[in-house]
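*Asks:* Sending over model_6.pdb (PDB, C-alpha atoms).
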ATOM      1  CA  MET A   1     -87.687 -13.991 -87.694
ATOM      2  CA  ASP A   2     -84.177 -14.933 -86.623
ATOM      3  CA  MET A   3     -82.246 -18.065 -85.686
ATOM      4  CA  ARG A   4     -82.531 -17.576 -81.909
ATOM      5  CA  LEU A   5     -84.239 -20.522 -80.313
ATOM      6  CA  PRO A   6     -85.116 -21.413 -76.724
ATOM      7  CA  SER A   7     -82.261 -22.616 -74.561
ATOM      8  CA  LEU A   8     -81.703 -26.354 -74.436
ATOM      9  CA  ALA A   9     -82.940 -28.300 -71.454
ATOM     10  CA  CYS A  10     -80.173 -29.241 -69.048
ATOM     11  CA  GLY A  11     -79.202 -32.911 -68.933
ATOM     12  CA  PRO A  12     -77.803 -34.780 -65.945
ATOM     13  CA  VAL A  13     -75.129 -32.788 -64.170
ATOM     14  CA  VAL A  14     -72.431 -35.417 -64.605
ATOM     15  CA  ALA A  15     -73.079 -35.803 -68.331
ATOM     16  CA  GLY A  16     -72.989 -32.055 -68.787
ATOM     17  CA  LEU A  17     -69.678 -31.764 -66.989
ATOM     18  CA  LEU A  18     -68.160 -34.562 -69.062
ATOM     19  CA  ALA A  19     -69.325 -32.961 -72.308
ATOM     20  CA  LEU A  20     -67.936 -29.592 -71.293
ATOM     21  CA  THR A  21     -64.611 -31.096 -70.262
ATOM     22  CA  ALA A  22     -64.232 -33.123 -73.449
ATOM     23  CA  LEU A  23     -64.816 -30.159 -75.754
ATOM     24  CA  THR A  24     -62.322 -27.311 -75.588
ATOM     25  CA  ALA A  25     -61.629 -24.345 -77.820
ATOM     26  CA  ALA A  26     -60.000 -24.873 -81.200
ATOM     27  CA  GLY A  27     -56.738 -23.058 -81.851
ATOM     28  CA  CYS A  28     -58.190 -20.120 -83.777
ATOM     29  CA  ALA A  29     -58.173 -16.850 -81.858
ATOM     30  CA  SER A  30     -59.689 -13.509 -82.839
ATOM     31  CA  HIS A  31     -61.756 -10.688 -81.417
ATOM     32  CA  GLY A  32     -65.329  -9.425 -81.580
ATOM     33  CA  THR A  33     -68.385  -8.563 -79.483
ATOM     34  CA  ALA A  34     -71.293 -10.735 -80.686
ATOM     35  CA  VAL A  35     -73.357 -12.673 -78.145
ATOM     36  CA  PRO A  36     -73.711 -16.499 -78.429
ATOM     37  CA  GLN A  37     -77.155 -17.952 -79.197
ATOM     38  CA  PRO A  38     -78.339 -21.596 -78.972
ATOM     39  CA  PHE A  39     -79.345 -24.028 -81.716
ATOM     40  CA  PRO A  40     -82.032 -26.783 -81.718
ATOM     41  CA  THR A  41     -81.400 -30.315 -80.548
ATOM     42  CA  ALA A  42     -79.836 -32.920 -82.833
ATOM     43  CA  PRO A  43     -78.204 -36.372 -82.550
ATOM     44  CA  LEU A  44     -74.442 -36.743 -82.279
ATOM     45  CA  VAL A  45     -72.642 -37.645 -85.492
ATOM     46  CA  ARG A  46     -69.323 -39.305 -84.851
ATOM     47  CA  SER A  47     -66.271 -38.818 -87.022
ATOM     48  CA  ARG A  48     -65.107 -41.668 -89.264
ATOM     49  CA  PRO A  49     -61.648 -43.302 -89.142
ATOM     50  CA  PRO A  50     -59.286 -42.010 -91.850
ATOM     51  CA  GLY A  51     -59.686 -43.976 -95.085
ATOM     52  CA  SER A  52     -63.194 -45.274 -94.331
ATOM     53  CA  PRO A  53     -66.137 -44.541 -96.689
ATOM     54  CA  VAL A  54     -67.548 -41.030 -96.538
ATOM     55  CA  PRO A  55     -71.149 -40.912 -95.252
ATOM     56  CA  ASP A  56     -73.767 -39.046 -97.303
ATOM     57  CA  ALA A  57     -71.187 -37.181 -99.366
ATOM     58  CA  SER A  58     -72.418 -35.816-102.652
ATOM     59  CA  PRO A  59     -69.823 -35.866-105.442
ATOM     60  CA  ALA A  60     -68.065 -32.567-106.010
ATOM     61  CA  PRO A  61     -69.389 -30.683-109.042
ATOM     62  CA  ASP A  62     -67.360 -30.730-112.256
ATOM     63  CA  ALA A  63     -67.494 -26.961-112.539
ATOM     64  CA  ALA A  64     -68.351 -24.664-109.629
ATOM     65  CA  GLY A  65     -67.086 -21.554-107.951
ATOM     66  CA  ALA A  66     -66.418 -19.577-111.157
ATOM     67  CA  PRO A  67     -66.023 -15.803-110.699
ATOM     68  CA  LEU A  68     -69.396 -14.287-109.857
ATOM     69  CA  PRO A  69     -70.898 -11.182-111.488
ATOM     70  CA  PRO A  70     -71.330  -8.043-109.341
ATOM     71  CA  ASP A  71     -75.102  -8.604-109.162
ATOM     72  CA  ALA A  72     -74.804 -12.178-107.891
ATOM     73  CA  THR A  73     -77.532 -13.167-105.439
ATOM     74  CA  PHE A  74     -77.971 -15.903-102.874
ATOM     75  CA  PRO A  75     -79.903 -19.023-103.910
ATOM     76  CA  SER A  76     -83.503 -19.608-102.923
ATOM     77  CA  GLU A  77     -82.903 -23.378-102.995
ATOM     78  CA  PRO A  78     -81.727 -25.236 -99.839
ATOM     79  CA  THR A  79     -78.356 -25.977-101.494
ATOM     80  CA  SER A  80     -76.315 -25.055-104.537
ATOM     81  CA  MET A  81     -73.738 -26.890-106.615
ATOM     82  CA  VAL A  82     -70.939 -25.075-104.808
ATOM     83  CA  ALA A  83     -72.432 -25.863-101.393
ATOM     84  CA  GLU A  84     -72.694 -29.540-102.323
ATOM     85  CA  GLY A  85     -69.044 -29.496-103.337
ATOM     86  CA  VAL A  86     -68.062 -27.803-100.069
ATOM     87  CA  VAL A  87     -69.913 -30.422 -98.036
ATOM     88  CA  SER A  88     -68.452 -33.298-100.071
ATOM     89  CA  THR A  89     -64.903 -31.984 -99.683
ATOM     90  CA  ALA A  90     -65.337 -31.376 -95.955
ATOM     91  CA  LEU A  91     -66.679 -34.891 -95.359
ATOM     92  CA  HIS A  92     -63.808 -36.467 -97.288
ATOM     93  CA  LEU A  93     -61.459 -34.821 -94.789
ATOM     94  CA  LEU A  94     -63.067 -36.354 -91.687
ATOM     95  CA  GLY A  95     -60.402 -37.770 -89.399
ATOM     96  CA  THR A  96     -57.652 -35.389 -90.616
ATOM     97  CA  ARG A  97     -55.527 -34.400 -87.631
ATOM     98  CA  TYR A  98     -55.641 -31.005 -85.975
ATOM     99  CA  ARG A  99     -52.531 -28.883 -86.456
ATOM    100  CA  ASN A 100     -52.264 -25.350 -85.074
ATOM    101  CA  GLY A 101     -51.706 -23.062 -88.060
ATOM    102  CA  GLY A 102     -52.422 -25.926 -90.473
ATOM    103  CA  SER A 103     -54.244 -25.260 -93.730
ATOM    104  CA  ASP A 104     -53.760 -28.442 -95.786
ATOM    105  CA  PRO A 105     -54.529 -32.185 -95.484
ATOM    106  CA  ASP A 106     -51.376 -32.695 -93.421
ATOM    107  CA  GLY A 107     -53.283 -30.982 -90.622
ATOM    108  CA  PHE A 108     -55.831 -28.188 -90.118
ATOM    109  CA  ASP A 109     -56.784 -25.624 -87.573
ATOM    110  CA  CYS A 110     -60.403 -24.454 -87.683
ATOM    111  CA  SER A 111     -60.069 -21.501 -90.048
ATOM    112  CA  GLY A 112     -57.430 -23.232 -92.175
ATOM    113  CA  PHE A 113     -59.882 -26.098 -92.701
ATOM    114  CA  VAL A 114     -62.616 -23.692 -93.813
ATOM    115  CA  GLN A 115     -60.319 -21.825 -96.185
ATOM    116  CA  TYR A 116     -58.983 -25.049 -97.750
ATOM    117  CA  VAL A 117     -62.433 -26.607 -98.249
ATOM    118  CA  PHE A 118     -63.845 -23.526 -99.954
ATOM    119  CA  ALA A 119     -60.727 -23.100-102.082
ATOM    120  CA  GLN A 120     -61.323 -26.564-103.592
ATOM    121  CA  GLN A 121     -64.558 -25.139-105.027
ATOM    122  CA  GLY A 122     -62.910 -21.964-106.291
ATOM    123  CA  VAL A 123     -64.318 -19.798-103.502
ATOM    124  CA  PHE A 124     -61.897 -17.477-101.721
ATOM    125  CA  VAL A 125     -62.358 -17.261 -97.946
ATOM    126  CA  PRO A 126     -59.949 -15.278 -95.706
ATOM    127  CA  ARG A 127     -57.522 -17.173 -93.482
ATOM    128  CA  THR A 128     -58.406 -16.179 -89.908
ATOM    129  CA  VAL A 129     -61.601 -16.609 -87.891
ATOM    130  CA  GLU A 130     -61.843 -12.866 -87.352
ATOM    131  CA  GLU A 131     -61.559 -12.146 -91.086
ATOM    132  CA  GLN A 132     -64.031 -14.900 -91.969
ATOM    133  CA  ALA A 133     -66.532 -13.485 -89.468
ATOM    134  CA  ARG A 134     -66.432 -10.171 -91.354
ATOM    135  CA  SER A 135     -66.977 -11.803 -94.754
ATOM    136  CA  GLY A 136     -70.055 -12.952 -96.610
ATOM    137  CA  THR A 137     -73.572 -12.164 -95.438
ATOM    138  CA  ARG A 138     -75.022 -12.745 -91.978
ATOM    139  CA  VAL A 139     -77.618 -15.538 -91.851
ATOM    140  CA  ASP A 140     -80.439 -14.743 -89.445
ATOM    141  CA  ARG A 141     -82.628 -17.673 -90.488
ATOM    142  CA  ASP A 142     -82.690 -20.687 -92.808
ATOM    143  CA  LEU A 143     -79.233 -22.104 -92.048
ATOM    144  CA  ARG A 144     -78.025 -24.058 -95.103
ATOM    145  CA  ALA A 145     -75.272 -26.451 -96.062
ATOM    146  CA  GLY A 146     -72.058 -24.533 -96.660
ATOM    147  CA  ASP A 147     -72.826 -21.668 -94.269
ATOM    148  CA  LEU A 148     -70.106 -20.864 -91.758
ATOM    149  CA  VAL A 149     -70.963 -21.076 -88.065
ATOM    150  CA  PHE A 150     -68.980 -19.082 -85.509
ATOM    151  CA  PHE A 151     -68.444 -19.677 -81.804
ATOM    152  CA  HIS A 152     -66.996 -17.829 -78.844
ATOM    153  CA  THR A 153     -64.601 -20.207 -77.075
ATOM    154  CA  SER A 154     -62.135 -17.801 -75.450
ATOM    155  CA  GLY A 155     -61.555 -14.072 -75.110
ATOM    156  CA  HIS A 156     -64.124 -11.936 -76.912
ATOM    157  CA  GLY A 157     -65.966 -12.445 -80.180
ATOM    158  CA  PRO A 158     -65.628 -15.356 -82.628
ATOM    159  CA  THR A 159     -62.687 -17.655 -81.941
ATOM    160  CA  HIS A 160     -63.826 -20.880 -83.648
ATOM    161  CA  VAL A 161     -65.496 -21.637 -86.981
ATOM    162  CA  GLY A 162     -67.052 -24.634 -88.712
ATOM    163  CA  ILE A 163     -69.090 -25.446 -91.822
ATOM    164  CA  ALA A 164     -72.809 -26.255 -91.567
ATOM    165  CA  LEU A 165     -73.836 -29.554 -93.165
ATOM    166  CA  ASP A 166     -77.517 -28.718 -92.693
ATOM    167  CA  ALA A 167     -79.621 -26.882 -90.098
ATOM    168  CA  VAL A 168     -78.501 -29.113 -87.216
ATOM    169  CA  ARG A 169     -74.941 -30.404 -87.865
ATOM    170  CA  PHE A 170     -71.570 -28.885 -88.633
ATOM    171  CA  VAL A 171     -68.101 -30.138 -89.534
ATOM    172  CA  HIS A 172     -64.987 -28.526 -88.088
ATOM    173  CA  ALA A 173     -61.361 -28.950 -87.050
ATOM    174  CA  PRO A 174     -61.272 -28.595 -83.248
ATOM    175  CA  SER A 175     -58.148 -28.955 -81.164
ATOM    176  CA  SER A 176     -59.957 -31.195 -78.677
ATOM    177  CA  ARG A 177     -59.594 -34.880 -79.670
ATOM    178  CA  GLY A 178     -57.407 -33.552 -82.488
ATOM    179  CA  GLU A 179     -59.255 -34.334 -85.736
ATOM    180  CA  VAL A 180     -61.810 -33.061 -88.231
ATOM    181  CA  ARG A 181     -65.236 -34.305 -87.168
ATOM    182  CA  VAL A 182     -69.008 -33.731 -87.382
ATOM    183  CA  GLU A 183     -71.022 -32.610 -84.358
ATOM    184  CA  PRO A 184     -74.558 -31.411 -83.620
ATOM    185  CA  LEU A 185     -74.997 -27.678 -83.262
ATOM    186  CA  ALA A 186     -77.256 -28.442 -80.293
ATOM    187  CA  ARG A 187     -74.477 -30.028 -78.234
ATOM    188  CA  PRO A 188     -74.499 -27.851 -75.090
ATOM    189  CA  TYR A 189     -70.887 -26.733 -75.401
ATOM    190  CA  TRP A 190     -71.439 -25.366 -78.919
ATOM    191  CA  ALA A 191     -75.035 -24.190 -78.466
ATOM    192  CA  ASP A 192     -74.012 -22.060 -75.500
ATOM    193  CA  ARG A 193     -71.135 -20.512 -77.452
ATOM    194  CA  PHE A 194     -72.755 -19.991 -80.837
ATOM    195  CA  ILE A 195     -72.476 -16.405 -82.117
ATOM    196  CA  GLU A 196     -73.742 -16.284 -85.691
ATOM    197  CA  ALA A 197     -73.756 -17.886 -89.139
ATOM    198  CA  ARG A 198     -72.506 -16.307 -92.349
ATOM    199  CA  ARG A 199     -73.057 -17.266 -95.991
ATOM    200  CA  MET A 200     -70.036 -17.178 -98.301
ATOM    201  CA  ILE A 201     -71.628 -18.814-101.356
ATOM    202  CA  ALA A 202     -73.572 -16.797-103.915
ATOM    203  CA  VAL A 203     -74.939 -17.804-107.295
ATOM    204  CA  ALA A 204     -75.600 -15.803-110.424
ATOM    205  CA  PRO A 205     -79.216 -14.633-110.725
ATOM    206  CA  ALA A 206     -81.550 -16.816-112.765
ATOM    207  CA  PRO A 207     -82.021 -15.614-116.357
ATOM    208  CA  THR A 208     -85.117 -13.535-116.997
ATOM    209  CA  SER A 209     -87.770 -15.441-118.935
ATOM    210  CA  GLN A 210     -88.638 -14.059-122.343
ATOM    211  CA  PRO A 211     -92.291 -13.168-123.135
TER     212      PRO A 211
END
In structure tokens, what does this structure look like?
*Replies:*
Amino acid sequence: MDMRLPSLACGPVVAGLLALTALTAAGCASHGTAVPQPFPTAPLVRSRPPGSPVPDASPAPDAAGAPLPPDATFPSEPTSMVAEGVVSTALHLLGTRYRNGGSDPDGFDCSGFVQYVFAQQGVFVPRTVEEQARSGTRVDRDLRAGDLVFFHTSGHGPTHVGIALDAVRFVHAPSSRGEVRVEPLARPYWADRFIEARRMIAVAPAPTSQP
């Protein structure tokens, strides 16, 4: 079983053209050969004005992202403490302006946003989209909060990246409209350009129960 789902039904022609025009590639270029695949439908989640309350943001954990042992495994639960911290941090940055080459709250590009958010939880993620797309473990099913989602927006291979909030929404720093925001993975522009998801967060294996 993989994450490929049937293509989305086409909406009115005018609405489709407006959506495609409004959403353009973020300023994160790299190279690759993967083929985009669509996601399921989901409602639009609009970004919040800077300084307004953060919606559905879990508090960041007190201690997360410590160095992992070599035999670390991925969690069987839908989320982990680190993933919750990643989501909380990302949502607190909604409305931050886009800045090409930016990697701090003064302004982010797509991969700089991802690297900064994960760094706040003690998780190292490479700087560029291309490097991030070669890191972690490919997710072929069961998309979870904290997974990275990659898109082909120009050239070849992954050129844009965001962070999944759940199986249907992601948060990212696109150059279009110039701010960090949340969008549905099913929005036609992104669904048509989706390449793959990758998991960067691992947890130590559960202790073995004693007889």
*Asks:* Check which residues satisfy the PyMOL selection byres ((chain A and resi 103) around 6) in the file shown, then give them as a count of residues only.
*Replies:* 5
*Asks:* With distances taken over all atoms listed in the file, which of A:Ser175, A:Pro158, A:Val117, A:Phe194 is nearest to His92 in chain A?
*Replies:* A:Val117
*Asks:* So which residues get picked by the PyMOL selection byres ((chain A and resi 130-138) around 8) here, written as a JSON list (two decimals) with C-alpha atoms, in the frame of the given file?
*Replies:*
[["chain", "number", "residue", "atom", "x", "y", "z"],
["A", 29, "ALA", "CA", -58.17, -16.85, -81.86],
["A", 30, "SER", "CA", -59.69, -13.51, -82.84],
["A", 31, "HIS", "CA", -61.76, -10.69, -81.42],
["A", 32, "GLY", "CA", -65.33, -9.43, -81.58],
["A", 111, "SER", "CA", -60.07, -21.50, -90.05],
["A", 125, "VAL", "CA", -62.36, -17.26, -97.95],
["A", 126, "PRO", "CA", -59.95, -15.28, -95.71],
["A", 127, "ARG", "CA", -57.52, -17.17, -93.48],
["A", 128, "THR", "CA", -58.41, -16.18, -89.91],
["A", 129, "VAL", "CA", -61.60, -16.61, -87.89],
["A", 139, "VAL", "CA", -77.62, -15.54, -91.85],
["A", 140, "ASP", "CA", -80.44, -14.74, -89.44],
["A", 150, "PHE", "CA", -68.98, -19.08, -85.51],
["A", 158, "PRO", "CA", -65.63, -15.36, -82.63],
["A", 159, "THR", "CA", -62.69, -17.66, -81.94],
["A", 196, "GLU", "CA", -73.74, -16.28, -85.69],
["A", 197, "ALA", "CA", -73.76, -17.89, -89.14],
["A", 198, "ARG", "CA", -72.51, -16.31, -92.35],
["A", 199, "ARG", "CA", -73.06, -17.27, -95.99],
["A", 200, "MET", "CA", -70.04, -17.18, -98.30],
["A", 201, "ILE", "CA", -71.63, -18.81, -101.36]]
*Asks:* Between A:Val87, A:Ile163, A:Met81, A:Leu93, which one has atoms that come closest to Glu179 in chain A, using only C-alpha atoms?
*Replies:*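 Looking at the shortest contact to Glu179 in chain A, the residue is A:Leu93.
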*Asks:* Taking the file as I've supplied it (selection: the PyMOL selection byres ((chain A and resi 144) around 9)), which residues are included? Please answer as a short mmCIF file (atom, residue, chain, number, x, y, z; two decimals) with C-alpha atoms, in the frame of the given file.
*Replies:*
data_model
loop_
_atom_site.label_atom_id
_atom_site.label_comp_id
_atom_site.auth_asym_id
_atom_site.auth_seq_id
_atom_site.Cartn_x
_atom_site.Cartn_y
_atom_site.Cartn_z
CA PRO A 78 -81.73 -25.24 -99.84
CA THR A 79 -78.36 -25.98 -101.49
CA ALA A 83 -72.43 -25.86 -101.39
CA ASP A 142 -82.69 -20.69 -92.81
CA LEU A 143 -79.23 -22.10 -92.05
CA ALA A 145 -75.27 -26.45 -96.06
CA GLY A 146 -72.06 -24.53 -96.66
CA ASP A 147 -72.83 -21.67 -94.27
CA ALA A 164 -72.81 -26.26 -91.57
CA LEU A 165 -73.84 -29.55 -93.16
CA ASP A 166 -77.52 -28.72 -92.69
CA ALA A 167 -79.62 -26.88 -90.10
CA ARG A 199 -73.06 -17.27 -95.99
#
*Asks:* Since the input lacks some atoms of range 74-105 of chain A, please model N, CA and C atoms and print them as an mmCIF file, in the frame of the given file.
*Replies:*
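result15.cif, written as the output of this step:
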data_model
loop_
_atom_site.group_PDB
_atom_site.id
_atom_site.type_symbol
_atom_site.label_atom_id
_atom_site.label_comp_id
_atom_site.auth_asym_id
_atom_site.auth_seq_id
_atom_site.Cartn_x
_atom_site.Cartn_y
_atom_site.Cartn_z
ATOM 1 N N PHE A 74 -78.009 -14.641 -103.593
ATOM 2 C CA PHE A 74 -77.971 -15.903 -102.874
ATOM 3 C C PHE A 74 -79.115 -16.789 -103.333
ATOM 4 N N PRO A 75 -78.902 -18.116 -103.350
ATOM 5 C CA PRO A 75 -79.903 -19.023 -103.910
ATOM 6 C C PRO A 75 -81.137 -19.131 -103.035
ATOM 7 N N SER A 76 -82.276 -19.377 -103.673
ATOM 8 C CA SER A 76 -83.503 -19.608 -102.923
ATOM 9 C C SER A 76 -83.652 -21.088 -102.595
ATOM 10 N N GLU A 77 -82.848 -21.949 -103.262
ATOM 11 C CA GLU A 77 -82.903 -23.378 -102.995
ATOM 12 C C GLU A 77 -82.137 -23.698 -101.714
ATOM 13 N N PRO A 78 -82.446 -24.863 -101.064
ATOM 14 C CA PRO A 78 -81.727 -25.236 -99.839
ATOM 15 C C PRO A 78 -80.225 -25.365 -100.047
ATOM 16 N N THR A 79 -79.785 -25.805 -101.240
ATOM 17 C CA THR A 79 -78.356 -25.977 -101.494
ATOM 18 C C THR A 79 -78.031 -25.483 -102.892
ATOM 19 N N SER A 80 -76.763 -25.403 -103.205
ATOM 20 C CA SER A 80 -76.315 -25.055 -104.537
ATOM 21 C C SER A 80 -75.224 -26.035 -104.919
ATOM 22 N N MET A 81 -74.807 -26.004 -106.171
ATOM 23 C CA MET A 81 -73.738 -26.890 -106.615
ATOM 24 C C MET A 81 -72.461 -26.656 -105.819
ATOM 25 N N VAL A 82 -72.151 -25.380 -105.565
ATOM 26 C CA VAL A 82 -70.939 -25.075 -104.808
ATOM 27 C C VAL A 82 -71.069 -25.589 -103.385
ATOM 28 N N ALA A 83 -72.228 -25.387 -102.765
ATOM 29 C CA ALA A 83 -72.432 -25.863 -101.393
ATOM 30 C C ALA A 83 -72.294 -27.375 -101.314
ATOM 31 N N GLU A 84 -72.827 -28.086 -102.308
ATOM 32 C CA GLU A 84 -72.694 -29.540 -102.323
ATOM 33 C C GLU A 84 -71.228 -29.943 -102.424
ATOM 34 N N GLY A 85 -70.466 -29.210 -103.232
ATOM 35 C CA GLY A 85 -69.044 -29.496 -103.337
ATOM 36 C C GLY A 85 -68.304 -29.219 -102.042
ATOM 37 N N VAL A 86 -68.674 -28.140 -101.363
ATOM 38 C CA VAL A 86 -68.062 -27.803 -100.069
ATOM 39 C C VAL A 86 -68.317 -28.914 -99.060
ATOM 40 N N VAL A 87 -69.565 -29.365 -98.980
ATOM 41 C CA VAL A 87 -69.913 -30.422 -98.036
ATOM 42 C C VAL A 87 -69.170 -31.716 -98.377
ATOM 43 N N SER A 88 -69.138 -32.080 -99.657
ATOM 44 C CA SER A 88 -68.452 -33.298 -100.071
ATOM 45 C C SER A 88 -66.971 -33.248 -99.699
ATOM 46 N N THR A 89 -66.320 -32.126 -100.008
ATOM 47 C CA THR A 89 -64.903 -31.984 -99.683
ATOM 48 C C THR A 89 -64.664 -32.072 -98.187
ATOM 49 N N ALA A 90 -65.493 -31.373 -97.414
ATOM 50 C CA ALA A 90 -65.337 -31.376 -95.955
ATOM 51 C C ALA A 90 -65.480 -32.778 -95.383
ATOM 52 N N LEU A 91 -66.464 -33.546 -95.877
ATOM 53 C CA LEU A 91 -66.679 -34.891 -95.359
ATOM 54 C C LEU A 91 -65.552 -35.846 -95.749
ATOM 55 N N HIS A 92 -64.943 -35.627 -96.888
ATOM 56 C CA HIS A 92 -63.808 -36.467 -97.288
ATOM 57 C C HIS A 92 -62.585 -36.229 -96.398
ATOM 58 N N LEU A 93 -62.593 -35.144 -95.656
ATOM 59 C CA LEU A 93 -61.459 -34.821 -94.789
ATOM 60 C C LEU A 93 -61.694 -35.226 -93.335
ATOM 61 N N LEU A 94 -62.812 -35.891 -93.050
ATOM 62 C CA LEU A 94 -63.067 -36.354 -91.687
ATOM 63 C C LEU A 94 -61.908 -37.219 -91.204
ATOM 64 N N GLY A 95 -61.495 -36.999 -89.967
ATOM 65 C CA GLY A 95 -60.402 -37.770 -89.399
ATOM 66 C C GLY A 95 -59.039 -37.137 -89.605
ATOM 67 N N THR A 96 -58.936 -36.085 -90.447
ATOM 68 C CA THR A 96 -57.652 -35.389 -90.616
ATOM 69 C C THR A 96 -57.246 -34.758 -89.296
ATOM 70 N N ARG A 97 -55.972 -34.871 -88.945
ATOM 71 C CA ARG A 97 -55.527 -34.400 -87.631
ATOM 72 C C ARG A 97 -55.575 -32.886 -87.509
ATOM 73 N N TYR A 98 -55.717 -32.433 -86.271
ATOM 74 C CA TYR A 98 -55.641 -31.005 -85.975
ATOM 75 C C TYR A 98 -54.174 -30.582 -85.932
ATOM 76 N N ARG A 99 -53.876 -29.447 -86.534
ATOM 77 C CA ARG A 99 -52.531 -28.883 -86.456
ATOM 78 C C ARG A 99 -52.649 -27.369 -86.356
ATOM 79 N N ASN A 100 -52.179 -26.793 -85.263
ATOM 80 C CA ASN A 100 -52.264 -25.350 -85.074
ATOM 81 C C ASN A 100 -51.554 -24.631 -86.217
ATOM 82 N N GLY A 101 -52.269 -23.753 -86.906
ATOM 83 C CA GLY A 101 -51.706 -23.062 -88.060
ATOM 84 C C GLY A 101 -51.808 -23.847 -89.345
ATOM 85 N N GLY A 102 -52.354 -25.076 -89.294
ATOM 86 C CA GLY A 102 -52.422 -25.926 -90.473
ATOM 87 C C GLY A 102 -53.524 -25.518 -91.431
ATOM 88 N N SER A 103 -53.250 -25.628 -92.718
ATOM 89 C CA SER A 103 -54.244 -25.260 -93.730
ATOM 90 C C SER A 103 -54.194 -26.191 -94.944
ATOM 91 N N ASP A 104 -53.792 -27.452 -94.708
ATOM 92 C CA ASP A 104 -53.760 -28.442 -95.786
ATOM 93 C C ASP A 104 -54.012 -29.820 -95.178
ATOM 94 N N PRO A 105 -54.190 -30.863 -96.008
ATOM 95 C CA PRO A 105 -54.529 -32.185 -95.484
ATOM 96 C C PRO A 105 -53.492 -32.814 -94.560
#
